[in-house]
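Asks: JSON, C-alpha atoms and all ligand atoms, saved as start26.json, coming up:
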```json
[["chain", "number", "residue", "atom", "x", "y", "z"],
["A", 145, "MET", "CA", 136.73, -5.87, -121.78],
["A", 146, "LYS", "CA", 135.69, -2.37, -120.92],
["A", 147, "ILE", "CA", 133.10, -2.56, -118.15],
["A", 148, "LEU", "CA", 130.97, 0.53, -117.66],
["A", 149, "ILE", "CA", 128.55, 0.59, -114.75],
["A", 150, "LEU", "CA", 125.97, 3.36, -114.72],
["A", 151, "ASP", "CA", 123.40, 4.23, -112.08],
["A", 152, "ASP", "CA", 120.27, 3.01, -113.78],
["A", 153, "ALA", "CA", 118.76, 1.49, -116.89],
["A", 154, "GLU", "CA", 117.92, 4.87, -118.38],
["A", 155, "ALA", "CA", 121.52, 6.02, -118.22],
["A", 156, "VAL", "CA", 122.56, 2.72, -119.80],
["A", 157, "SER", "CA", 120.19, 3.01, -122.74],
["A", 158, "ALA", "CA", 121.17, 6.65, -123.32],
["A", 159, "ARG", "CA", 124.83, 5.65, -123.35],
["A", 160, "ALA", "CA", 124.24, 2.73, -125.72],
["A", 161, "ALA", "CA", 122.31, 4.98, -128.11],
["A", 162, "GLY", "CA", 125.12, 7.55, -127.87],
["A", 163, "GLU", "CA", 127.70, 4.90, -128.82],
["A", 164, "ILE", "CA", 125.71, 3.98, -131.93],
["A", 165, "ALA", "CA", 125.31, 7.65, -132.88],
["A", 166, "SER", "CA", 129.08, 8.18, -132.49],
["A", 167, "GLN", "CA", 129.77, 5.16, -134.66],
["A", 168, "LEU", "CA", 127.47, 6.56, -137.36],
["A", 169, "SER", "CA", 129.05, 9.99, -137.31],
["A", 170, "ALA", "CA", 132.58, 8.54, -137.42],
["A", 171, "LYS", "CA", 131.58, 6.20, -140.28],
["A", 172, "PRO", "CA", 128.26, 7.01, -141.96],
["A", 173, "ALA", "CA", 128.44, 3.82, -144.04],
["A", 174, "SER", "CA", 128.74, 1.64, -140.94],
["A", 175, "VAL", "CA", 127.52, -1.93, -140.90],
["A", 176, "LEU", "CA", 125.56, -2.18, -137.65],
["A", 177, "GLY", "CA", 124.69, -5.42, -135.92],
["A", 178, "LEU", "CA", 121.33, -5.01, -134.19],
["A", 179, "ALA", "CA", 119.54, -6.91, -131.46],
["A", 180, "THR", "CA", 115.97, -7.28, -130.17],
["A", 181, "GLY", "CA", 114.47, -7.84, -126.71],
["A", 182, "GLY", "CA", 113.25, -5.71, -123.84],
["A", 183, "THR", "CA", 116.60, -4.09, -123.12],
["A", 184, "MET", "CA", 116.91, -2.81, -126.68],
["A", 185, "GLU", "CA", 113.48, -1.17, -126.70],
["A", 186, "ALA", "CA", 114.79, 1.58, -124.45],
["A", 187, "VAL", "CA", 117.99, 1.88, -126.47],
["A", 188, "TYR", "CA", 115.99, 2.32, -129.69],
["A", 189, "GLU", "CA", 113.74, 4.93, -128.08],
["A", 190, "GLN", "CA", 116.82, 6.97, -127.23],
["A", 191, "LEU", "CA", 118.26, 6.40, -130.68],
["A", 192, "ILE", "CA", 115.08, 7.64, -132.33],
["A", 193, "ALA", "CA", 115.25, 10.75, -130.14],
["A", 194, "LEU", "CA", 118.86, 11.34, -131.26],
["A", 195, "HIS", "CA", 117.78, 10.89, -134.87],
["A", 196, "ARG", "CA", 114.96, 13.42, -134.45],
["A", 197, "ASP", "CA", 117.46, 15.88, -132.96],
["A", 198, "GLY", "CA", 119.64, 15.49, -136.04],
["A", 199, "ARG", "CA", 122.34, 13.67, -134.06],
["A", 200, "ALA", "CA", 122.09, 10.24, -135.70],
["A", 201, "SER", "CA", 121.63, 9.52, -139.39],
["A", 202, "PHE", "CA", 121.32, 6.01, -140.74],
["A", 203, "ALA", "CA", 121.09, 7.14, -144.37],
["A", 204, "GLY", "CA", 124.40, 5.54, -145.34],
["A", 205, "ALA", "CA", 124.26, 2.60, -142.94],
["A", 206, "THR", "CA", 123.51, -1.07, -143.39],
["A", 207, "SER", "CA", 122.22, -3.28, -140.60],
["A", 208, "PHE", "CA", 122.05, -6.97, -139.86],
["A", 209, "ASN", "CA", 119.97, -8.28, -136.99],
["A", 210, "LEU", "CA", 121.23, -11.16, -134.93],
["A", 211, "ASP", "CA", 118.34, -13.53, -135.26],
["A", 212, "GLU", "CA", 114.78, -14.43, -136.25],
["A", 213, "TYR", "CA", 112.28, -17.11, -135.29],
["A", 214, "VAL", "CA", 111.86, -19.93, -137.76],
["A", 215, "GLY", "CA", 108.35, -20.10, -139.17],
["A", 216, "LEU", "CA", 107.33, -16.50, -138.51],
["A", 217, "ALA", "CA", 106.86, -14.34, -141.59],
["A", 218, "GLY", "CA", 108.08, -10.75, -141.39],
["A", 219, "ASP", "CA", 104.55, -9.43, -140.94],
["A", 220, "HIS", "CA", 103.83, -11.71, -137.96],
["A", 221, "PRO", "CA", 103.46, -9.37, -134.96],
["A", 222, "CYS", "CA", 105.91, -11.47, -132.91],
["A", 223, "SER", "CA", 108.59, -11.70, -135.60],
["A", 224, "TYR", "CA", 111.77, -9.75, -135.03],
["A", 225, "ARG", "CA", 111.33, -8.10, -138.42],
["A", 226, "HIS", "CA", 108.07, -6.66, -137.14],
["A", 227, "TYR", "CA", 109.71, -5.65, -133.83],
["A", 228, "MET", "CA", 112.48, -3.82, -135.66],
["A", 229, "ALA", "CA", 110.06, -1.99, -137.94],
["A", 230, "GLN", "CA", 107.94, -0.88, -134.99],
["A", 231, "LYS", "CA", 110.72, -0.06, -132.55],
["A", 232, "LEU", "CA", 113.30, 1.46, -134.89],
["A", 233, "PHE", "CA", 113.23, 1.27, -138.67],
["A", 234, "ASP", "CA", 109.90, 3.05, -139.21],
["A", 235, "HIS", "CA", 111.23, 6.04, -137.24],
["A", 236, "ILE", "CA", 114.68, 6.57, -138.77],
["A", 237, "ASP", "CA", 116.20, 7.23, -142.19],
["A", 238, "ILE", "CA", 117.74, 3.84, -142.95],
["A", 239, "ALA", "CA", 117.52, 3.17, -146.72],
["A", 240, "PRO", "CA", 114.89, 0.69, -147.90],
["A", 241, "GLY", "CA", 116.61, -2.65, -148.33],
["A", 242, "ALA", "CA", 119.57, -1.75, -146.10],
["A", 243, "ALA", "CA", 118.16, -3.37, -142.97],
["A", 244, "HIS", "CA", 118.57, -7.14, -142.97],
["A", 245, "LEU", "CA", 117.14, -9.94, -140.85],
["A", 246, "PRO", "CA", 117.13, -13.66, -141.52],
["A", 247, "LEU", "CA", 113.91, -14.70, -143.30],
["A", 248, "GLY", "CA", 112.00, -16.70, -140.71],
["A", 249, "GLU", "CA", 109.53, -17.95, -143.28],
["A", 250, "ALA", "CA", 112.18, -19.29, -145.68],
["A", 251, "GLU", "CA", 111.23, -22.68, -147.07],
["A", 252, "ASP", "CA", 114.69, -24.03, -146.32],
["A", 253, "PRO", "CA", 115.82, -22.37, -143.07],
["A", 254, "ALA", "CA", 119.24, -24.02, -143.11],
["A", 255, "ALA", "CA", 119.92, -22.60, -146.59],
["A", 256, "GLU", "CA", 118.62, -19.22, -145.40],
["A", 257, "ALA", "CA", 121.12, -19.30, -142.53],
["A", 258, "GLU", "CA", 123.93, -19.96, -145.00],
["A", 259, "ARG", "CA", 122.73, -17.14, -147.24],
["A", 260, "TYR", "CA", 122.59, -14.76, -144.27],
["A", 261, "GLU", "CA", 126.10, -15.62, -143.12],
["A", 262, "ALA", "CA", 127.37, -14.95, -146.64],
["A", 263, "ALA", "CA", 125.51, -11.62, -146.76],
["A", 264, "VAL", "CA", 127.15, -10.46, -143.51],
["A", 265, "ALA", "CA", 130.56, -11.46, -144.83],
["A", 266, "ALA", "CA", 129.89, -9.80, -148.21],
["A", 267, "ALA", "CA", 129.05, -6.55, -146.40],
["A", 268, "GLY", "CA", 132.54, -6.68, -144.89],
["A", 269, "ASP", "CA", 131.31, -7.96, -141.50],
["A", 270, "ILE", "CA", 129.86, -5.88, -138.70],
["A", 271, "ASP", "CA", 131.48, -2.64, -137.54],
["A", 272, "LEU", "CA", 129.55, -2.31, -134.28],
["A", 273, "GLN", "CA", 127.53, -5.21, -132.90],
["A", 274, "LEU", "CA", 124.90, -4.47, -130.29],
["A", 275, "LEU", "CA", 124.15, -7.41, -127.98],
["A", 276, "GLY", "CA", 121.66, -8.17, -125.24],
["A", 277, "LEU", "CA", 122.30, -10.98, -122.78],
["A", 278, "GLY", "CA", 119.99, -13.91, -122.07],
["A", 279, "LEU", "CA", 119.35, -15.14, -118.54],
["A", 280, "ASN", "CA", 121.28, -18.24, -119.61],
["A", 281, "GLY", "CA", 124.17, -16.19, -120.99],
["A", 282, "HIS", "CA", 123.13, -16.39, -124.64],
["A", 283, "ILE", "CA", 124.14, -13.76, -127.17],
["A", 284, "GLY", "CA", 121.93, -13.71, -130.23],
["A", 285, "PHE", "CA", 120.13, -17.04, -129.90],
["A", 286, "ASN", "CA", 123.38, -18.87, -129.24],
["A", 287, "GLU", "CA", 122.15, -20.99, -126.39],
["A", 288, "PRO", "CA", 124.45, -22.77, -123.90],
["A", 289, "THR", "CA", 126.66, -25.39, -125.61],
["A", 290, "SER", "CA", 126.70, -23.41, -128.85],
["A", 291, "SER", "CA", 130.04, -23.82, -130.54],
["A", 292, "LEU", "CA", 132.14, -20.79, -129.69],
["A", 293, "ALA", "CA", 133.24, -20.84, -133.35],
["A", 294, "SER", "CA", 129.72, -21.20, -134.83],
["A", 295, "ILE", "CA", 128.42, -19.26, -137.82],
["A", 296, "THR", "CA", 124.82, -18.41, -138.73],
["A", 297, "ARG", "CA", 122.67, -21.51, -138.37],
["A", 298, "LEU", "CA", 119.55, -23.00, -136.80],
["A", 299, "LYS", "CA", 119.38, -23.26, -133.02],
["A", 300, "THR", "CA", 116.82, -24.90, -130.76],
["A", 301, "LEU", "CA", 115.81, -22.47, -128.04],
["A", 302, "GLU", "CA", 116.11, -23.36, -124.39],
["A", 303, "ARG", "CA", 112.98, -23.52, -122.27],
["A", 304, "SER", "CA", 114.10, -20.48, -120.20],
["A", 305, "THR", "CA", 114.50, -18.42, -123.37],
["A", 306, "ARG", "CA", 111.08, -19.40, -124.68],
["A", 307, "GLU", "CA", 109.54, -18.61, -121.31],
["A", 308, "ALA", "CA", 111.27, -15.23, -121.12],
["A", 309, "ASN", "CA", 110.07, -14.37, -124.64],
["A", 310, "SER", "CA", 106.54, -15.73, -124.28],
["A", 311, "ARG", "CA", 105.50, -12.31, -122.91],
["A", 312, "TYR", "CA", 105.64, -11.02, -126.47],
["A", 313, "PHE", "CA", 103.26, -13.71, -127.77],
["A", 314, "PRO", "CA", 99.48, -13.66, -127.50],
["A", 315, "GLU", "CA", 97.98, -16.00, -124.93],
["A", 316, "GLY", "CA", 97.92, -19.55, -126.15],
["A", 317, "GLU", "CA", 100.70, -18.94, -128.68],
["A", 318, "GLU", "CA", 104.19, -20.07, -127.84],
["A", 319, "PRO", "CA", 107.50, -18.82, -129.21],
["A", 320, "PRO", "CA", 108.82, -21.13, -131.93],
["A", 321, "ARG", "CA", 111.30, -23.80, -130.88],
["A", 322, "LEU", "CA", 113.76, -22.92, -133.60],
["A", 323, "ALA", "CA", 115.53, -19.74, -134.61],
["A", 324, "ILE", "CA", 118.09, -18.69, -137.18],
["A", 325, "THR", "CA", 120.90, -16.90, -135.38],
["A", 326, "MET", "CA", 124.22, -15.37, -136.27],
["A", 327, "GLY", "CA", 126.88, -17.62, -134.79],
["A", 328, "ILE", "CA", 129.32, -16.77, -132.07],
["A", 329, "GLY", "CA", 132.08, -16.75, -134.66],
["A", 330, "THR", "CA", 130.04, -14.31, -136.77],
["A", 331, "ILE", "CA", 129.63, -12.03, -133.76],
["A", 332, "MET", "CA", 133.32, -12.30, -132.86],
["A", 333, "ARG", "CA", 134.29, -11.01, -136.33],
["A", 334, "ALA", "CA", 132.59, -7.69, -135.53],
["A", 335, "ARG", "CA", 135.17, -4.95, -135.14],
["A", 336, "GLU", "CA", 133.52, -3.73, -131.98],
["A", 337, "VAL", "CA", 130.84, -5.20, -129.70],
["A", 338, "LEU", "CA", 128.61, -3.53, -127.16],
["A", 339, "LEU", "CA", 126.85, -5.80, -124.69],
["A", 340, "VAL", "CA", 124.01, -4.17, -122.78],
["A", 341, "ALA", "CA", 122.37, -5.66, -119.68],
["A", 342, "THR", "CA", 120.13, -4.11, -117.07],
["A", 343, "GLY", "CA", 118.19, -5.33, -114.05],
["A", 344, "GLU", "CA", 118.89, -7.72, -111.22],
["A", 345, "ALA", "CA", 117.62, -10.76, -113.11],
["A", 346, "LYS", "CA", 120.71, -10.52, -115.35],
["A", 347, "ALA", "CA", 123.24, -10.25, -112.50],
["A", 348, "ARG", "CA", 124.18, -13.94, -112.49],
["A", 349, "ALA", "CA", 124.66, -14.16, -116.24],
["A", 350, "VAL", "CA", 126.65, -10.91, -116.20],
["A", 351, "ALA", "CA", 128.99, -12.22, -113.50],
["A", 352, "GLN", "CA", 129.52, -15.50, -115.38],
["A", 353, "VAL", "CA", 130.16, -13.75, -118.67],
["A", 354, "ILE", "CA", 132.63, -11.20, -117.31],
["A", 355, "GLU", "CA", 134.36, -13.09, -114.52],
["A", 356, "GLY", "CA", 133.66, -16.77, -115.14],
["A", 357, "PRO", "CA", 135.70, -19.10, -117.31],
["A", 358, "ILE", "CA", 135.28, -18.85, -121.08],
["A", 359, "SER", "CA", 132.78, -21.58, -121.68],
["A", 360, "ALA", "CA", 129.97, -22.59, -124.00],
["A", 361, "ARG", "CA", 127.90, -22.95, -120.81],
["A", 362, "TRP", "CA", 127.72, -19.12, -120.74],
["A", 363, "PRO", "CA", 128.15, -18.21, -124.42],
["A", 364, "GLY", "CA", 128.66, -14.47, -123.80],
["A", 365, "SER", "CA", 131.87, -15.33, -121.93],
["A", 366, "ILE", "CA", 133.58, -15.62, -125.34],
["A", 367, "LEU", "CA", 133.59, -11.81, -125.42],
["A", 368, "GLN", "CA", 136.55, -12.02, -123.03],
["A", 369, "MET", "CA", 138.47, -12.94, -126.19],
["A", 370, "HIS", "CA", 137.25, -9.93, -128.18],
["A", 371, "ARG", "CA", 139.69, -7.07, -128.60],
["A", 372, "GLN", "CA", 137.10, -4.31, -128.59],
["A", 373, "ALA", "CA", 134.27, -5.31, -126.27],
["A", 374, "THR", "CA", 132.37, -2.94, -124.01],
["A", 375, "VAL", "CA", 129.86, -4.13, -121.43],
["A", 376, "LEU", "CA", 127.33, -1.55, -120.36],
["A", 377, "LEU", "CA", 125.51, -2.31, -117.10],
["A", 378, "ASP", "CA", 123.29, -0.69, -114.55],
["A", 379, "ARG", "CA", 123.99, -1.16, -110.84],
["A", 380, "ALA", "CA", 121.47, -3.98, -110.54],
["A", 381, "ALA", "CA", 122.94, -6.05, -113.37],
["A", 382, "ALA", "CA", 126.44, -5.45, -111.95],
["A", 383, "SER", "CA", 125.47, -6.47, -108.43],
["A", 384, "GLU", "CA", 127.08, -9.93, -108.46],
["A", 385, "LEU", "CA", 130.45, -8.87, -109.86],
["A", 386, "GLU", "CA", 133.32, -9.77, -107.60],
["A", 387, "LEU", "CA", 135.56, -6.96, -108.83],
["A", 388, "LEU", "CA", 132.83, -4.32, -108.89],
["A", 389, "ASP", "CA", 134.96, -1.74, -107.05],
["A", 390, "TYR", "CA", 137.75, -2.19, -109.56],
["A", 391, "TYR", "CA", 135.46, -1.57, -112.55],
["A", 392, "LEU", "CA", 134.03, 1.54, -110.89],
["A", 393, "ASP", "CA", 137.53, 2.75, -110.16],
["A", 394, "VAL", "CA", 138.73, 2.27, -113.75],
["A", 395, "HIS", "CA", 135.68, 3.94, -115.33],
["A", 396, "PRO", "CA", 133.84, 6.10, -112.81],
["A", 397, "ALA", "CA", 130.30, 6.67, -114.13],
["A", 401, "LIG", "P1", 115.95, -8.99, -123.03],
["A", 401, "LIG", "O1", 116.63, -10.12, -123.92],
["A", 401, "LIG", "O2", 116.56, -7.69, -123.41],
["A", 401, "LIG", "O3", 114.50, -9.07, -123.37],
["A", 401, "LIG", "O4", 116.24, -9.35, -121.60],
["A", 401, "LIG", "C1", 118.01, -10.17, -124.07],
["A", 401, "LIG", "C2", 118.40, -11.42, -124.82],
["A", 401, "LIG", "O5", 117.75, -12.47, -124.61],
["A", 401, "LIG", "O6", 119.34, -11.37, -125.61]]
```
What is this file in structure tokens?
Replies:
Amino acid sequence: MKILILDDAEAVSARAAGEIASQLSAKPASVLGLATGGTMEAVYEQLIALHRDGRASFAGATSFNLDEYVGLAGDHPCSYRHYMAQKLFDHIDIAPGAAHLPLGEAEDPAAEAERYEAAVAAAGDIDLQLLGLGLNGHIGFNEPTSSLASITRLKTLERSTREANSRYFPEGEEPPRLAITMGIGTIMRAREVLLVATGEAKARAVAQVIEGPISARWPGSILQMHRQATVLLDRAAASELELLDYYLDVHPA
């Protein structure tokens, strides 16, 4: 794992956006794996700025998002399809039809998960997978005890995840209990992964994922087995790392 620790969240999001832009210029027809959540909002803002400056074109790219809530149609304001349109797709030049998310409103969500897994594989798998990190160590919606070999399927969300995400839902409306998520095995097939975490609240999960044992208790810890994984952290998210000095020594900011 390459562990990069930058001063603050702004530097982290700028760096993450820069990595995506570099991937696109090295391979314009890249298959990108995209993520949602608070951390990614800042990354997408920076990416849109790079696009406006002519430094990132998505015209040849394809994207697959990690996950979607079951039961929410794409036009539901809390769906991830809506999030992606608002926060990224409406502001860049990705081709219509090239940006994929699981269909949350599918009549048969299990069949939709199978279809989505096949679509990722048919695209040749992901070149660069962007990942956030849950407080419980999840990547995508692969909650603790997810099979480390799982493929796209239905997952029941943990209470802590639903609480963390309830801030996006109007009062009185709760996040769905079920989501369709790429599996850990799907994510591990990506040629490169970039995990981004900022803020002190993530420090425990970050320490478990980087320095703990590989375990389904902290699903992101599987990235220790990935050949091309970069973890991008701010100082706060890195604050519980035992070997912090070592990481700073290897890759000074
Ligand atoms: P966050 O979510 O960026 O909103 O903290 C990350 C995640 O749950 O994957």
Asks: From the set A:Leu272, A:Ala179, A:Ala229, A:Leu377, which residue has the shortest atom-to-atom contact distance to A:Thr325, counting all atoms listed in the file?
Replies: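 Of A:Leu272, A:Ala179, A:Ala229, A:Leu377, the one nearest A:Thr325, counting all atoms listed in the file, is A:Ala179.
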Asks: Write as a list in words the residues around ligand LIG 401 (chain A), taking 9 Å as the cut-off and counting only C-alpha atoms and all ligand atoms.
Replies: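 If we count only C-alpha atoms and all ligand atoms, the neighbours of ligand LIG 401 (chain A) turn out to be Ala179, Thr180, Gly181, Gly182, Thr183, Met184, Glu185, Leu275, Gly276, Leu277, Gly278, Leu279, Asn280, Gly281, His282, Ile283, Gly284, Phe285, Thr305, Ala308, Asn309, Val340, Ala341, Thr342, Gly343, Ala345 and Lys346 of chain A.
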Asks: What does the file look like for those residues with C-alpha atoms, as a PDB file, in the coordinates of the input?
Replies:
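For reference, part.pdb as written:
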```
ATOM      1  CA  ALA A 179     119.540  -6.910-131.460  1.00  0.00           C
ATOM      2  CA  THR A 180     115.970  -7.280-130.170  1.00  0.00           C
ATOM      3  CA  GLY A 181     114.470  -7.840-126.710  1.00  0.00           C
ATOM      4  CA  GLY A 182     113.250  -5.710-123.840  1.00  0.00           C
ATOM      5  CA  THR A 183     116.600  -4.090-123.120  1.00  0.00           C
ATOM      6  CA  MET A 184     116.910  -2.810-126.680  1.00  0.00           C
ATOM      7  CA  GLU A 185     113.480  -1.170-126.700  1.00  0.00           C
ATOM      8  CA  LEU A 275     124.150  -7.410-127.980  1.00  0.00           C
ATOM      9  CA  GLY A 276     121.660  -8.170-125.240  1.00  0.00           C
ATOM     10  CA  LEU A 277     122.300 -10.980-122.780  1.00  0.00           C
ATOM     11  CA  GLY A 278     119.990 -13.910-122.070  1.00  0.00           C
ATOM     12  CA  LEU A 279     119.350 -15.140-118.540  1.00  0.00           C
ATOM     13  CA  ASN A 280     121.280 -18.240-119.610  1.00  0.00           C
ATOM     14  CA  GLY A 281     124.170 -16.190-120.990  1.00  0.00           C
ATOM     15  CA  HIS A 282     123.130 -16.390-124.640  1.00  0.00           C
ATOM     16  CA  ILE A 283     124.140 -13.760-127.170  1.00  0.00           C
ATOM     17  CA  GLY A 284     121.930 -13.710-130.230  1.00  0.00           C
ATOM     18  CA  PHE A 285     120.130 -17.040-129.900  1.00  0.00           C
ATOM     19  CA  THR A 305     114.500 -18.420-123.370  1.00  0.00           C
ATOM     20  CA  ALA A 308     111.270 -15.230-121.120  1.00  0.00           C
ATOM     21  CA  ASN A 309     110.070 -14.370-124.640  1.00  0.00           C
ATOM     22  CA  VAL A 340     124.010  -4.170-122.780  1.00  0.00           C
ATOM     23  CA  ALA A 341     122.370  -5.660-119.680  1.00  0.00           C
ATOM     24  CA  THR A 342     120.130  -4.110-117.070  1.00  0.00           C
ATOM     25  CA  GLY A 343     118.190  -5.330-114.050  1.00  0.00           C
ATOM     26  CA  ALA A 345     117.620 -10.760-113.110  1.00  0.00           C
ATOM     27  CA  LYS A 346     120.710 -10.520-115.350  1.00  0.00           C
TER      28      LYS A 346
END
```
Asks: Could you give me, as a list in words, the residues within 7 Å of A:Leu274, counting all atoms listed in the file and dropping anything in the same chain fewer than 3 positions from it?
Replies: Gly177, Leu178, Ala179, Val337, Leu338 and Leu339 of chain A
Asks: Using all atoms listed in the file, pick whichever of A:Glu163, A:His244, A:Ala170, A:Gly329 has the shortest atom-to-atom distance to A:Met369.
Replies: A:Gly329
Asks: Would you kindly return, as a list in words, each protein, DNA or RNA residue with an atom no farther than 9 Å from any atom of A:Met228, considering only C-alpha atoms and excluding same-chain residues fewer than 4 positions away?
Replies: Ala179, Thr180, Asn209, Ser223, Tyr224, Leu232, Phe233 and Asp234 of chain A
Asks: Looking at only C-alpha atoms, which of A:Arg348, A:Arg159, A:His395, A:Arg297 is the one that sits closest to A:Thr330?
Replies: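 Checking each of A:Arg348, A:Arg159, A:His395, A:Arg297 against A:Thr330, counting only C-alpha atoms, the winner is A:Arg297.
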Asks: To one decimal place, how far is atom CA of A:Ala381 from atom CA of A:Val156 in Å?
Replies: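 Here the two named atoms are 10.9 Å from each other.
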Asks: Separation of atom CA of A:Glu212 and atom CA of A:Ile164, in Å?
Replies: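 Taking atom CA of A:Glu212 and atom CA of A:Ile164, their separation equals 21.8 Å.
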Asks: What separation in Å, quoted to one decimal, exists between atom CA of A:Ala243 and atom CA of A:Ser207?
Replies: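 Atom CA of A:Ala243 sits 4.7 Å away from atom CA of A:Ser207.
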Asks: Could you pull the residues within 12 Å of stretch 255-268 of chain A, counting all atoms listed in the file, minus those fewer than 4 positions along the same chain, as a tab-separated table (two decimals) with C-alpha atoms, in the coordinates of the input?
Replies:
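So the final result, stored in result_17.tsv, reads:
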```
chain	number	residue	atom	x	y	z
A	173	ALA	CA	128.44	3.82	-144.04
A	174	SER	CA	128.74	1.64	-140.94
A	175	VAL	CA	127.52	-1.93	-140.90
A	176	LEU	CA	125.56	-2.18	-137.65
A	177	GLY	CA	124.69	-5.42	-135.92
A	205	ALA	CA	124.26	2.60	-142.94
A	206	THR	CA	123.51	-1.07	-143.39
A	207	SER	CA	122.22	-3.28	-140.60
A	208	PHE	CA	122.05	-6.97	-139.86
A	209	ASN	CA	119.97	-8.28	-136.99
A	210	LEU	CA	121.23	-11.16	-134.93
A	211	ASP	CA	118.34	-13.53	-135.26
A	212	GLU	CA	114.78	-14.43	-136.25
A	213	TYR	CA	112.28	-17.11	-135.29
A	214	VAL	CA	111.86	-19.93	-137.76
A	242	ALA	CA	119.57	-1.75	-146.10
A	243	ALA	CA	118.16	-3.37	-142.97
A	244	HIS	CA	118.57	-7.14	-142.97
A	245	LEU	CA	117.14	-9.94	-140.85
A	246	PRO	CA	117.13	-13.66	-141.52
A	247	LEU	CA	113.91	-14.70	-143.30
A	248	GLY	CA	112.00	-16.70	-140.71
A	249	GLU	CA	109.53	-17.95	-143.28
A	250	ALA	CA	112.18	-19.29	-145.68
A	251	GLU	CA	111.23	-22.68	-147.07
A	272	LEU	CA	129.55	-2.31	-134.28
A	273	GLN	CA	127.53	-5.21	-132.90
A	294	SER	CA	129.72	-21.20	-134.83
A	295	ILE	CA	128.42	-19.26	-137.82
A	296	THR	CA	124.82	-18.41	-138.73
A	297	ARG	CA	122.67	-21.51	-138.37
A	298	LEU	CA	119.55	-23.00	-136.80
A	299	LYS	CA	119.38	-23.26	-133.02
A	323	ALA	CA	115.53	-19.74	-134.61
A	324	ILE	CA	118.09	-18.69	-137.18
A	325	THR	CA	120.90	-16.90	-135.38
A	326	MET	CA	124.22	-15.37	-136.27
A	327	GLY	CA	126.88	-17.62	-134.79
A	328	ILE	CA	129.32	-16.77	-132.07
A	329	GLY	CA	132.08	-16.75	-134.66
A	330	THR	CA	130.04	-14.31	-136.77
A	331	ILE	CA	129.63	-12.03	-133.76
A	333	ARG	CA	134.29	-11.01	-136.33
A	334	ALA	CA	132.59	-7.69	-135.53
A	335	ARG	CA	135.17	-4.95	-135.14
```
Asks: Please provide as a list in words all residues within 6 Å of A:Ala165, with the sequence filter that same-chain residues fewer than 3 positions apart are discarded (counting only C-alpha atoms).
Replies: Gly162, Leu168 and Ala200 of chain A
Asks: Please provide the set of residues having any atom within 8 Å of A:Asp237, restricted to all atoms listed in the file, with same-chain residues fewer than 6 positions apart removed, written as an mmCIF file with C-alpha atoms, in the coordinates of the input.
Replies:
```cif
data_model
loop_
_atom_site.group_PDB
_atom_site.id
_atom_site.type_symbol
_atom_site.label_atom_id
_atom_site.label_comp_id
_atom_site.auth_asym_id
_atom_site.auth_seq_id
_atom_site.Cartn_x
_atom_site.Cartn_y
_atom_site.Cartn_z
ATOM 1 C CA SER A 201 121.630 9.520 -139.390
ATOM 2 C CA PHE A 202 121.320 6.010 -140.740
ATOM 3 C CA ALA A 203 121.090 7.140 -144.370
#
```
Asks: Could you check the closest approach to A:Val353 for each of A:Ala193, A:Leu322, A:Ala380, A:Leu385 and tell me which residue wins, using all atoms listed in the file?
Replies: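 The closest residue to A:Val353 is A:Leu385.
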Asks: Name the closest residue to A:Ala160 among the candidates A:Gly364, A:Gly316, A:Asp393, A:Asp378; distances are taken between atoms, counting only C-alpha atoms.
Replies: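 Between A:Gly364, A:Gly316, A:Asp393, A:Asp378, the residue approaching A:Ala160 most closely is A:Asp378.
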Asks: Determine the nearest neighbour of A:Ile358 from the options A:Leu387, A:Leu292, A:Leu301, A:Met145, counting all atoms listed in the file.
Replies: A:Leu292
Asks: Could you please give me, as a PyMOL selection string, the residues of protein, DNA or RNA lying at most 7 Å from (110.7, -22.0, -130.0) in the coordinate frame of the file, considering only C-alpha atoms?
Replies: chain A and resi 300-301+306+319-322
